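*Asks:* Provided below: my_file_35.cif, containing mmCIF, C-alpha atoms (C1' of nucleotides).
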```
data_target
loop_
_atom_site.label_atom_id
_atom_site.label_comp_id
_atom_site.auth_asym_id
_atom_site.auth_seq_id
_atom_site.Cartn_x
_atom_site.Cartn_y
_atom_site.Cartn_z
CA MET N 25 0.00 0.00 0.00
CA ALA N 26 1.09 3.58 -0.58
CA LEU N 27 2.61 5.39 2.36
CA GLU N 28 0.19 8.26 1.80
CA HIS N 29 -2.72 6.04 2.80
CA GLU N 30 -0.95 4.20 5.58
CA LEU N 31 -0.17 7.50 7.30
CA GLY N 32 -3.59 8.99 6.57
CA LEU N 33 -2.21 11.97 4.67
CA ARG N 34 -4.69 14.37 3.10
CA LYS N 35 -2.39 15.20 0.22
CA PRO N 36 0.14 13.08 -1.64
CA ILE N 37 3.88 13.42 -1.03
CA GLU N 38 4.96 15.82 -3.72
CA LEU N 39 8.45 14.72 -4.65
CA LEU N 40 9.24 11.16 -5.64
CA PRO N 41 12.75 11.27 -4.12
CA HIS N 42 11.24 12.32 -0.82
CA GLU N 43 8.58 9.64 -1.05
CA ALA N 44 11.35 7.09 -1.58
CA LEU N 45 13.26 8.38 1.44
CA LEU N 46 10.17 8.28 3.65
CA ASN N 47 9.44 4.76 2.46
CA ILE N 48 12.84 3.59 3.67
CA TYR N 49 12.40 5.41 6.93
CA TYR N 50 8.91 4.16 7.75
CA THR N 51 9.57 0.62 6.54
CA ALA N 52 12.52 0.41 8.93
CA SER N 53 10.28 1.75 11.69
CA CYS N 54 7.63 -0.93 10.99
CA LEU N 55 10.24 -3.68 10.92
CA LYS N 56 11.66 -2.48 14.22
CA LYS N 57 8.22 -2.39 15.83
CA ARG N 58 7.51 -5.93 14.67
CA ALA N 59 10.85 -7.21 15.95
CA ASP N 60 10.37 -5.49 19.29
CA GLU N 61 6.90 -6.92 19.65
CA PHE N 62 8.14 -10.44 18.91
CA LEU N 63 11.15 -10.18 21.21
CA ARG N 64 9.23 -8.61 24.10
CA GLY N 65 7.76 -12.06 24.68
CA PHE N 66 11.27 -13.19 25.63
CA GLY N 67 12.15 -10.13 27.71
CA LEU N 68 14.41 -8.71 25.01
CA THR N 69 14.47 -5.58 22.88
CA ASP N 70 15.53 -5.61 19.27
CA VAL N 71 18.72 -3.74 20.13
CA GLN N 72 19.62 -6.24 22.84
CA PHE N 73 18.92 -9.11 20.47
CA ASN N 74 21.19 -7.47 17.92
CA VAL N 75 23.99 -7.35 20.50
CA MET N 76 23.49 -11.04 21.18
CA MET N 77 23.57 -11.80 17.46
CA LEU N 78 26.87 -9.93 17.11
CA LEU N 79 28.37 -11.68 20.13
CA TRP N 80 27.22 -15.05 18.81
CA TYR N 81 28.37 -14.74 15.21
CA GLN N 82 31.12 -12.12 15.29
CA SER N 83 33.09 -12.76 18.48
CA GLY N 84 36.85 -12.53 18.20
CA PRO N 85 39.59 -14.79 19.53
CA GLU N 86 39.00 -13.55 23.10
CA GLY N 87 35.48 -14.97 22.95
CA GLY N 88 33.67 -11.65 22.85
CA LEU N 89 33.68 -8.10 21.50
CA SER N 90 34.77 -4.83 23.05
CA GLN N 91 32.20 -2.09 23.53
CA ALA N 92 33.90 -0.05 20.82
CA GLN N 93 33.62 -2.96 18.38
CA LEU N 94 29.95 -3.31 19.23
CA SER N 95 29.34 0.39 18.64
CA ASP N 96 31.07 0.15 15.25
CA MET N 97 29.02 -2.87 14.23
CA MET N 98 25.78 -1.18 15.27
CA LEU N 99 26.56 2.27 13.85
CA VAL N 100 25.92 3.89 17.21
CA ASN N 101 27.91 6.20 19.42
CA ARG N 102 30.08 4.35 21.90
CA ALA N 103 28.51 6.31 24.77
CA ASN N 104 25.33 4.48 23.96
CA VAL N 105 26.87 1.07 24.51
CA THR N 106 27.73 1.77 28.15
CA SER N 107 24.13 1.93 29.33
CA LEU N 108 23.02 -0.78 26.92
CA ILE N 109 25.55 -3.23 28.35
CA ASP N 110 24.69 -2.04 31.88
CA ARG N 111 21.09 -3.14 31.34
CA MET N 112 22.05 -6.40 29.67
CA GLU N 113 24.52 -7.15 32.45
CA LYS N 114 21.82 -6.50 35.05
CA ALA N 115 19.59 -8.95 33.15
CA ALA N 116 22.45 -11.49 33.26
CA LEU N 117 22.53 -11.74 29.46
CA VAL N 118 26.15 -10.63 29.09
CA ALA N 119 29.16 -9.93 31.31
CA ARG N 120 32.05 -7.49 31.07
CA THR N 121 35.41 -9.21 31.39
CA ALA N 122 38.86 -7.66 31.53
CA SER N 123 40.96 -7.77 28.41
CA PRO N 124 44.21 -9.65 29.06
CA GLY N 125 46.65 -7.33 27.31
CA ASP N 126 45.06 -3.89 27.36
CA ARG N 127 43.35 -2.54 30.44
CA ARG N 128 41.34 0.00 28.41
CA TYR N 129 39.10 -2.67 26.94
CA ASN N 130 36.12 -4.53 28.28
CA ILE N 131 35.47 -7.78 26.52
CA VAL N 132 31.72 -8.31 26.51
CA LYS N 133 30.73 -11.98 26.52
CA MET N 134 27.41 -13.72 26.65
CA THR N 135 26.59 -15.52 29.87
CA SER N 136 25.35 -19.09 29.76
CA ARG N 137 21.86 -17.73 30.41
CA GLY N 138 22.31 -15.36 27.45
CA LYS N 139 23.52 -18.17 25.20
CA LYS N 140 20.69 -20.46 26.20
CA LEU N 141 18.09 -17.77 25.54
CA PHE N 142 19.65 -16.81 22.22
CA ALA N 143 19.77 -20.43 21.06
CA LYS N 144 16.07 -20.69 21.79
CA VAL N 145 14.96 -17.40 20.23
CA GLU N 146 17.18 -17.14 17.19
CA PRO N 147 15.58 -19.90 15.07
CA LEU N 148 12.13 -18.45 15.72
CA TYR N 149 13.39 -14.98 14.82
CA ALA N 150 15.05 -16.23 11.65
CA ARG N 151 11.84 -17.94 10.60
CA GLN N 152 9.87 -14.71 11.02
CA VAL N 153 12.42 -12.79 8.97
CA GLN N 154 12.26 -15.38 6.22
CA GLU N 155 8.47 -15.33 6.21
CA ILE N 156 8.32 -11.56 5.91
CA MET N 157 10.99 -11.34 3.24
CA ALA N 158 9.38 -14.18 1.31
CA VAL N 159 7.34 -11.51 -0.49
CA PHE N 160 10.48 -11.28 -2.63
CA LYS N 161 12.29 -13.88 -4.64
CA ALA N 162 16.01 -14.15 -3.92
CA GLY N 163 16.83 -12.12 -7.01
CA GLU N 164 14.61 -9.27 -5.88
CA GLN N 165 16.14 -9.34 -2.42
CA LYS N 166 19.56 -9.01 -3.96
CA ARG N 167 18.37 -6.10 -6.07
CA LEU N 168 16.96 -4.40 -2.96
CA VAL N 169 20.23 -4.90 -1.09
CA ALA N 170 22.14 -3.43 -4.02
CA MET N 171 19.86 -0.39 -4.25
CA LEU N 172 20.10 0.39 -0.56
CA GLY N 173 23.86 -0.04 -0.70
CA ARG N 174 24.00 2.57 -3.46
CA ILE N 175 22.15 5.06 -1.27
CA ARG N 176 24.53 4.52 1.65
CA GLY N 177 27.43 4.84 -0.76
CA GLU N 178 26.06 8.20 -1.84
CA LEU N 179 25.64 9.29 1.78
CA ALA N 180 29.24 8.36 2.58
CA ARG N 181 30.67 10.63 -0.09
CA MET I 4 29.25 -1.09 -0.51
CA ALA I 5 28.18 -4.21 1.29
CA LEU I 6 26.86 -3.80 4.80
CA GLU I 7 29.28 -6.45 6.00
CA HIS I 8 32.23 -4.16 5.26
CA GLU I 9 30.58 -0.94 6.39
CA LEU I 10 29.95 -2.46 9.82
CA GLY I 11 33.34 -4.15 9.97
CA LEU I 12 31.92 -7.64 10.42
CA ARG I 13 34.35 -10.55 10.54
CA LYS I 14 31.92 -12.94 8.95
CA PRO I 15 29.23 -12.38 6.32
CA ILE I 16 25.55 -12.16 7.20
CA GLU I 17 24.36 -15.69 6.65
CA LEU I 18 20.80 -15.35 5.43
CA LEU I 19 19.91 -13.14 2.49
CA PRO I 20 16.48 -12.22 3.94
CA HIS I 21 18.20 -11.04 7.07
CA GLU I 22 20.79 -9.12 5.09
CA ALA I 23 17.95 -7.39 3.25
CA LEU I 24 16.24 -6.51 6.53
CA LEU I 25 19.44 -5.11 8.03
CA ASN I 26 20.04 -3.10 4.87
CA ILE I 27 16.69 -1.37 5.27
CA TYR I 28 17.34 -0.78 8.94
CA TYR I 29 20.86 0.65 8.60
CA THR I 30 20.06 2.68 5.50
CA ALA I 31 17.25 4.39 7.40
CA SER I 32 19.65 5.00 10.25
CA CYS I 33 22.21 6.60 7.92
CA LEU I 34 19.54 8.78 6.30
CA LYS I 35 18.35 9.90 9.71
CA LYS I 36 21.86 10.77 10.84
CA ARG I 37 22.44 12.81 7.71
CA ALA I 38 19.14 14.68 8.09
CA ASP I 39 19.85 15.39 11.74
CA GLU I 40 23.30 16.67 10.93
CA PHE I 41 21.95 18.99 8.25
CA LEU I 42 19.07 20.28 10.38
CA ARG I 43 21.17 20.79 13.50
CA GLY I 44 22.60 23.84 11.75
CA PHE I 45 19.13 25.37 11.98
CA GLY I 46 18.42 24.28 15.56
CA LEU I 47 16.05 21.53 14.45
CA THR I 48 15.95 17.76 14.72
CA ASP I 49 14.69 15.56 11.92
CA VAL I 50 11.60 14.69 13.93
CA GLN I 51 10.79 18.35 14.55
CA PHE I 52 11.29 19.12 10.88
CA ASN I 53 8.93 16.30 10.02
CA VAL I 54 6.27 17.84 12.28
CA MET I 55 6.73 21.15 10.50
CA MET I 56 6.43 19.46 7.12
CA LEU I 57 3.17 17.81 8.18
CA LEU I 58 1.79 21.08 9.55
CA TRP I 59 2.79 22.91 6.38
CA TYR I 60 1.46 20.44 3.81
CA GLN I 61 -1.22 18.47 5.65
CA SER I 62 -3.03 20.98 7.86
CA GLY I 63 -6.80 20.66 7.99
CA PRO I 64 -9.52 23.32 7.81
CA GLU I 65 -8.69 24.55 11.33
CA GLY I 66 -5.22 25.52 10.12
CA GLY I 67 -3.35 22.83 12.02
CA LEU I 68 -3.36 19.21 13.14
CA SER I 69 -4.28 17.60 16.45
CA GLN I 70 -1.62 15.72 18.37
CA ALA I 71 -3.43 12.47 17.61
CA GLN I 72 -3.35 13.24 13.88
CA LEU I 73 0.36 13.98 14.12
CA SER I 74 1.00 10.71 15.93
CA ASP I 75 -0.91 8.82 13.22
CA MET I 76 1.02 10.51 10.43
CA MET I 77 4.34 9.79 12.11
CA LEU I 78 3.55 6.23 13.20
CA VAL I 79 4.40 7.03 16.79
CA ASN I 80 2.61 6.61 20.08
CA ARG I 81 0.54 9.64 21.00
CA ALA I 82 2.31 9.88 24.37
CA ASN I 83 5.40 10.76 22.42
CA VAL I 84 3.80 13.78 20.80
CA THR I 85 3.16 15.48 24.14
CA SER I 86 6.82 16.05 24.97
CA LEU I 87 7.74 16.67 21.33
CA ILE I 88 5.23 19.52 21.07
CA ASP I 89 6.31 20.74 24.51
CA ARG I 90 9.85 21.20 23.21
CA MET I 91 8.72 22.75 19.93
CA GLU I 92 6.41 25.10 21.78
CA LYS I 93 9.25 26.15 24.07
CA ALA I 94 11.32 26.87 20.95
CA ALA I 95 8.40 28.95 19.62
CA LEU I 96 8.11 26.81 16.50
CA VAL I 97 4.50 25.77 17.11
CA ALA I 98 1.62 26.64 19.43
CA ARG I 99 -1.20 24.60 20.92
CA THR I 100 -4.60 26.19 20.30
CA ALA I 101 -8.01 25.10 21.56
CA SER I 102 -10.26 23.26 19.17
CA PRO I 103 -13.51 25.16 18.70
CA GLY I 104 -15.98 22.26 18.82
CA ASP I 105 -14.31 19.55 20.93
CA ARG I 106 -12.44 20.41 24.07
CA ARG I 107 -10.46 17.17 23.98
CA TYR I 108 -8.36 18.32 21.05
CA ASN I 109 -5.35 20.60 20.80
CA ILE I 110 -4.88 22.07 17.37
CA VAL I 111 -1.14 22.43 16.84
CA LYS I 112 -0.24 25.30 14.51
CA MET I 113 3.05 26.70 13.34
CA THR I 114 3.99 30.09 14.71
CA SER I 115 5.16 32.81 12.35
CA ARG I 116 8.72 32.09 13.50
CA GLY I 117 8.14 28.42 12.67
CA LYS I 118 6.76 29.25 9.24
CA LYS I 119 9.60 31.61 8.45
CA LEU I 120 12.21 29.05 9.46
CA PHE I 121 10.51 26.27 7.53
CA ALA I 122 10.25 28.39 4.40
CA LYS I 123 13.98 28.98 4.60
CA VAL I 124 15.07 25.42 5.37
CA GLU I 125 12.69 23.37 3.25
CA PRO I 126 14.12 24.19 -0.20
CA LEU I 127 17.62 23.38 1.01
CA TYR I 128 16.40 20.14 2.53
CA ALA I 129 14.52 19.19 -0.64
CA ARG I 130 17.63 19.80 -2.70
CA GLN I 131 19.70 17.49 -0.48
CA VAL I 132 17.08 14.77 -0.75
CA GLN I 133 17.03 15.08 -4.52
CA GLU I 134 20.82 14.97 -4.71
CA ILE I 135 21.02 11.83 -2.61
CA MET I 136 18.22 10.05 -4.42
CA ALA I 137 19.66 11.04 -7.77
CA VAL I 138 21.65 7.79 -7.64
CA PHE I 139 18.40 6.35 -9.01
CA LYS I 140 16.43 7.19 -12.09
CA ALA I 141 12.75 7.91 -11.48
CA GLY I 142 11.79 4.42 -12.61
CA GLU I 143 14.13 2.83 -10.08
CA GLN I 144 12.80 5.08 -7.32
CA LYS I 145 9.30 3.91 -8.13
CA ARG I 146 10.43 0.31 -8.04
CA LEU I 147 12.05 0.87 -4.64
CA VAL I 148 8.87 2.48 -3.30
CA ALA I 149 6.83 -0.44 -4.58
CA MET I 150 9.15 -3.01 -3.01
CA LEU I 151 9.13 -1.34 0.39
CA GLY I 152 5.35 -1.02 0.21
CA ARG I 153 5.12 -4.78 -0.32
CA ILE I 154 7.14 -5.41 2.84
CA ARG I 155 4.91 -3.13 4.91
CA GLY I 156 1.89 -4.82 3.39
CA GLU I 157 3.26 -8.16 4.55
CA LEU I 158 3.91 -6.76 8.04
CA ALA I 159 0.34 -5.48 8.30
CA ARG I 160 -1.20 -8.90 7.68
"C1'" DG H 27 61.79 7.87 30.76
"C1'" DG H 28 58.51 11.37 30.38
"C1'" DT H 29 55.33 14.00 27.64
"C1'" DC H 30 51.83 13.93 23.74
"C1'" DG H 31 48.28 12.13 21.23
"C1'" DA H 32 45.07 8.35 20.35
"C1'" DT H 33 41.77 5.14 22.13
"C1'" DA H 34 38.24 2.87 25.48
"C1'" DG H 35 34.97 3.58 28.58
"C1'" DT H 36 32.00 6.58 31.44
"C1'" DA H 37 29.03 10.66 32.94
"C1'" DT H 38 25.81 14.18 31.88
"C1'" DA H 39 22.35 16.69 29.39
"C1'" DT H 40 19.04 16.27 25.96
"C1'" DA H 41 15.80 14.12 22.30
"C1'" DT H 42 12.96 10.43 20.85
"C1'" DA H 43 10.45 6.18 21.46
"C1'" DT H 44 7.27 2.69 23.99
"C1'" DA H 45 3.69 0.91 27.43
"C1'" DA H 46 0.61 1.67 30.93
"C1'" DA H 47 -2.20 4.21 33.94
"C1'" DC H 48 -4.78 8.24 34.43
"C1'" DC H 49 -8.19 12.31 33.69
"C1'" DA H 50 -11.28 15.02 30.91
"C1'" DT H 51 -14.42 15.06 27.46
"C1'" DG H 52 -17.67 13.10 23.89
"C1'" DT H 53 -20.84 9.76 22.15
"C1'" DC H 54 -24.02 6.30 22.11
"C1'" DC H 55 -27.60 3.54 23.64
"C1'" DG H 56 -30.89 1.49 26.83
"C1'" DC Q 18 -31.27 11.01 31.54
"C1'" DG Q 19 -27.30 8.42 32.69
"C1'" DG Q 20 -24.01 4.93 32.62
"C1'" DA Q 21 -20.69 2.52 29.48
"C1'" DC Q 22 -17.37 3.06 26.28
"C1'" DA Q 23 -14.28 5.57 23.16
"C1'" DT Q 24 -11.06 9.22 22.35
"C1'" DG Q 25 -7.37 12.90 23.22
"C1'" DG Q 26 -3.88 14.36 26.03
"C1'" DT Q 27 -0.72 13.81 29.96
"C1'" DT Q 28 2.29 11.41 33.31
"C1'" DT Q 29 5.56 8.00 34.64
"C1'" DA Q 30 8.91 4.48 34.07
"C1'" DT Q 31 11.99 2.63 30.89
"C1'" DA Q 32 14.99 2.00 26.53
"C1'" DT Q 33 17.67 3.94 22.99
"C1'" DA Q 34 20.11 7.59 20.71
"C1'" DT Q 35 23.30 11.86 20.28
"C1'" DA Q 36 27.10 15.32 21.64
"C1'" DT Q 37 30.36 16.61 24.79
"C1'" DA Q 38 33.49 16.45 28.35
"C1'" DC Q 39 35.99 13.65 31.46
"C1'" DT Q 40 39.29 9.72 33.15
"C1'" DA Q 41 42.31 5.86 32.43
"C1'" DT Q 42 45.39 3.62 29.70
"C1'" DC Q 43 48.47 2.77 25.88
"C1'" DG Q 44 52.03 3.76 22.41
"C1'" DA Q 45 55.19 6.53 20.11
"C1'" DC Q 46 58.72 9.64 19.89
"C1'" DC Q 47 62.19 12.97 21.37
#
```
Written as structure tokens, that's how I'd like the structure from this file.
*Replies:*
Amino acid sequence: MALEHELGLRKPIELLPHEALLNIYYTASCLKKRADEFLRGFGLTDVQFNVMMLLWYQSGPEGGLSQAQLSDMMLVNRANVTSLIDRMEKAALVARTASPGDRRYNIVKMTSRGKKLFAKVEPLYARQVQEIMAVFKAGEQKRLVAMLGRIRGELAR
Amino acid sequence: MALEHELGLRKPIELLPHEALLNIYYTASCLKKRADEFLRGFGLTDVQFNVMMLLWYQSGPEGGLSQAQLSDMMLVNRANVTSLIDRMEKAALVARTASPGDRRYNIVKMTSRGKKLFAKVEPLYARQVQEIMAVFKAGEQKRLVAMLGRIRGELAR
DNA sequence: GGTCGATAGTATATATATAAACCATGTCCG
DNA sequence: CGGACATGGTTTATATATATACTATCGACC
């Protein structure tokens, strides 16, 4: 459906480039809401789940990631990661451990509770993602990925 | 560029549907950051500018929009609009006015300062949007809009 | 070997978002 | 009429985000 109707606008969006931009923006917002709603049932937020996904799939040789690495991989300010990890540590999902060589770093690792929860939730999450994205054939998904990559490339210039 | 490299991931994103989802999510995030950066120069946030755009282009016969209408058009909780309009009112960008017929409503209207600022900023903003989206021809932009609409349609089911 | 600059994490102030509970007002229907 | 229900706005608690300034640590270089 057209964004114009979904938002209940009285008048159409005038410029096509702006309509395209708003489509990206609001589609991301809808996807986030859906993910949050699904994950709330497990006591997680989408951001916290993303941290767990990064720790699960992207951990380095020390068995975790530093807060700075997490902030890079999430495109957020590193100040943000402090409170995020505080909350996740309080929920016993992750733990800060000292880095052996360099005392500036915290290595964030998943706890066994975190791992157990992630192992349970992740397949259900992946299934949802696949169901939603099944509106596209693989070729279309690749085309979408390529288009969005071009926009980010333009933004980075 | 591929998301994998932009985020500095050690391993590729395994599932294409998930890669597509993350592309939407991070592209929106990059667009938001860019808009915020541009608008900060005028003392605005992207959300506040969006409110002004809605008030400018979508105002009803009373010359404004209610907070509930704004929340619908922005896909946010109406609780959120209270503090947003508080801040914008403090900055003298908008004003709450009483609705003639129904005392439950606030009609939010732009102040003359708000209108003057918007009239100055909007053309510059529109130009930026057009420059960024100029990586696509009009036909591609339409295809992108259609694809994203299909995803939201799937989410709404 | 001590100072300088870079890097990691934290603290603070502020903006945006949600959910949930609440009050005031409108509407509808028996 | 009057109670039930719906709607608009606010409040509160909580989560996420930014910018900025601060501390601790590390490395490099004279």
*Asks:* Using the chain letters and numbering of this document, enumerate as a VMD selection string the residues selected by the PyMOL selection byres ((chain N) within 6 of (chain I)).
*Replies:* chain N and resid 25 31 34 41 44 48 to 49 52 82 97 154 157 169 173
*Asks:* Considering all atoms listed in the file, extract the chain N residues located within 12 Å of chain Q and return them as an MDAnalysis selection string.
*Replies:* chainID N and resid 60 68:72 95 98:112 125:129
*Asks:* Counting only C-alpha atoms (C1' of nucleotides), which residues of chain H come no farther than 8 Å from chain I, as a VMD selection string?
*Replies:* chain H and resid 42 to 44 50 to 52
*Asks:* What is the atom CA of Ala92 of chain N to atom CA of Met134 of chain N distance in Å?
*Replies:*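 Going from atom CA of Ala92 of chain N over to atom CA of Met134 of chain N, I get 16.2 Å.
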